[in-house]
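Q: Take a look at this one; I'll ask things after.
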Amino acid sequence: GRLEEALDCHSRALRIGETSEMLGPEHLDVARTLCDLGDVCDDMAQYHQAMQCYCRAIHVQQKALCNSHPDIARTLVGIGNVNLHRASYQRARESYEKALEIQERTLGRAHPATTTTVTNLGLACEKLGCWQKALELHDRALAAQRQVFGASHPDVARTLSHLGQVHEATGALDEAFQCHEEARTIREKCLGLEHADTAHSLGRLGAVCRRKGKLNKALEYFHVALAINEKVLGADHVGTAVAAHNLGAAFQRLGEPRMALEHLQRSVAALETQEANLGHSHPFLAYARESASRCRDAVVQEESGA
């Protein structure tokens, strides 16, 4: 509900700014509104619309500002975020690196905006398999955030979550669980249980438990994560699709293909509603379809043998 309200507010502000005699479509205030609108569209998984907003904004900014202006860095971060969500990881990394160069020069290394970009760049490096670089960036961001915000801040939790995912990828599962549990504790305290970020931490804890063979504990985490995402994000959101896929995969590991198929098909259905935003070649969409197909084959085989 709040995202829809924000979308409506920023859309109305954009229309007013573009038609105003004092501003007009080439004004920097309009560019800032476009960035705000792009941020909301990105949060709503409307990636095509978000990219359009950021591209329009940077077109205005590059004509009116020097190339090292912080506003341009902010827009580059937005472009990087969309590319990250659409699995264009190299493009995301390039956008974040350009933004970081500007922010370090104009805002300083310790500025919160700079630190956020460091975190995002670390995530892009993680997706590209550059684990050591990702760890270095997340460690740098975590140290800066703890110094500025203290130990119990949502930004600290976000970076801990990214660190946990790198540890997962490198097989350091105990370290991963510790990071995700600390992130979950912070998020539940600061944001509440019914928040998408809290659900994300629960999902990562479930993923670690699944890899450690603790499948029943993994199911508990995945059930709660899915319920939160359905309530907060809606049935067709990418986050909900991921949570449904995780739950289905856990049921499959437990030898319950029918329960698994129900959730895997829900995941695919949700992702297909977002296919235009995600892009037809998005790796998770292909993976989810493949998982559902394999599970369907297992159900057919079980039924034919019954």
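The chains in the structure tokens are called A, B, ... from first to last as shown; in each chain the residues are counted from 1, and the ligands are counted from 1 in the order shown.
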Can you pull out the residues contacting Asp155 of chain A? Cut-off 10 Å, using only C-alpha atoms, and skip same-chain residues under 6 positions away; I want them as a PyMOL selection string.
A: chain A and resi 112+115-116+119+141-142+145-146+149+161+183+186-187
Q: Emit the selected residues as a PDB file, in the first residue's frame, including N, CA and C atoms.
A:
```pdb
ATOM      1  N   PRO A 112      27.449   8.072   4.190  1.00  0.00           N
ATOM      2  CA  PRO A 112      26.510   6.944   4.065  1.00  0.00           C
ATOM      3  C   PRO A 112      26.174   6.567   2.631  1.00  0.00           C
ATOM      4  N   THR A 115      29.001   4.575   1.271  1.00  0.00           N
ATOM      5  CA  THR A 115      29.008   3.230   1.858  1.00  0.00           C
ATOM      6  C   THR A 115      27.939   2.344   1.234  1.00  0.00           C
ATOM      7  N   THR A 116      26.769   2.901   0.953  1.00  0.00           N
ATOM      8  CA  THR A 116      25.712   2.130   0.297  1.00  0.00           C
ATOM      9  C   THR A 116      26.171   1.641  -1.072  1.00  0.00           C
ATOM     10  N   THR A 119      28.490  -1.239  -0.720  1.00  0.00           N
ATOM     11  CA  THR A 119      27.727  -2.458  -0.478  1.00  0.00           C
ATOM     12  C   THR A 119      27.147  -3.012  -1.773  1.00  0.00           C
ATOM     13  N   ALA A 141      32.284  -1.719   4.024  1.00  0.00           N
ATOM     14  CA  ALA A 141      30.984  -1.092   4.265  1.00  0.00           C
ATOM     15  C   ALA A 141      30.521  -1.327   5.705  1.00  0.00           C
ATOM     16  N   LEU A 142      30.700  -2.538   6.204  1.00  0.00           N
ATOM     17  CA  LEU A 142      30.245  -2.868   7.551  1.00  0.00           C
ATOM     18  C   LEU A 142      30.972  -2.041   8.603  1.00  0.00           C
ATOM     19  N   GLN A 145      29.600   1.540   8.419  1.00  0.00           N
ATOM     20  CA  GLN A 145      28.225   1.642   8.916  1.00  0.00           C
ATOM     21  C   GLN A 145      28.162   1.522  10.428  1.00  0.00           C
ATOM     22  N   ARG A 146      28.921   0.620  10.997  1.00  0.00           N
ATOM     23  CA  ARG A 146      28.918   0.484  12.453  1.00  0.00           C
ATOM     24  C   ARG A 146      29.457   1.732  13.132  1.00  0.00           C
ATOM     25  N   PHE A 149      26.428   4.481  12.266  1.00  0.00           N
ATOM     26  CA  PHE A 149      25.072   4.191  12.714  1.00  0.00           C
ATOM     27  C   PHE A 149      24.991   3.409  14.019  1.00  0.00           C
ATOM     28  N   SER A 161      23.858  -9.311   5.775  1.00  0.00           N
ATOM     29  CA  SER A 161      23.177 -10.267   4.905  1.00  0.00           C
ATOM     30  C   SER A 161      24.021 -10.580   3.681  1.00  0.00           C
ATOM     31  N   ALA A 183      21.736 -10.327  11.256  1.00  0.00           N
ATOM     32  CA  ALA A 183      20.924  -9.455  10.404  1.00  0.00           C
ATOM     33  C   ALA A 183      19.447  -9.588  10.744  1.00  0.00           C
ATOM     34  N   ILE A 186      18.578  -7.751  14.036  1.00  0.00           N
ATOM     35  CA  ILE A 186      18.530  -6.293  13.847  1.00  0.00           C
ATOM     36  C   ILE A 186      17.260  -5.899  13.110  1.00  0.00           C
ATOM     37  N   ARG A 187      16.943  -6.627  12.040  1.00  0.00           N
ATOM     38  CA  ARG A 187      15.785  -6.265  11.232  1.00  0.00           C
ATOM     39  C   ARG A 187      14.482  -6.436  11.997  1.00  0.00           C
TER      40      ARG A 187
END
```
Q: If we count only C-alpha atoms and set the cut-off at 9 Å, which residues sit around segment 44-47 of chain A, ignoring sequence neighbours fewer than 6 positions away in its own chain? Please answer as a ChimeraX atom specification.
A: /A:3-4,38,82-83,85-86,233,237-238,274,276-278
Q: Could you jot down the atom CA of Gly78 of chain A to atom CA of Tyr54 of chain A separation for me, Å, one decimal place?
A: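 Distance between the two atoms: 6.6 Å.
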Q: From a DSSP calculation on the backbone, collect every residue of segment 71-247 of chain A in helix (DSSP H, G or I) and output the set as JSON, numbers by chain.
A: {"A": [71, 72, 73, 74, 75, 76, 77, 78, 79, 80, 81, 82, 83, 84, 85, 89, 90, 91, 92, 93, 94, 95, 96, 97, 98, 99, 100, 101, 102, 103, 104, 105, 106, 112, 113, 114, 115, 116, 117, 118, 119, 120, 121, 122, 123, 124, 125, 126, 127, 131, 132, 133, 134, 135, 136, 137, 138, 139, 140, 141, 142, 143, 144, 145, 146, 147, 148, 149, 154, 155, 156, 157, 158, 159, 160, 161, 162, 163, 164, 165, 166, 167, 168, 169, 173, 174, 175, 176, 177, 178, 179, 180, 181, 182, 183, 184, 185, 186, 187, 188, 189, 190, 196, 197, 198, 199, 200, 201, 202, 203, 204, 205, 206, 207, 208, 209, 210, 211, 215, 216, 217, 218, 219, 220, 221, 222, 223, 224, 225, 226, 227, 228, 229, 230, 231, 232, 238, 239, 240, 241, 242, 243, 244, 245, 246, 247]}
Q: Using only C-alpha atoms, which residue out of A:Leu205, A:Asn81, A:Ala298, A:Glu188 lies closest to Gly255 of chain A?
A: A:Ala298
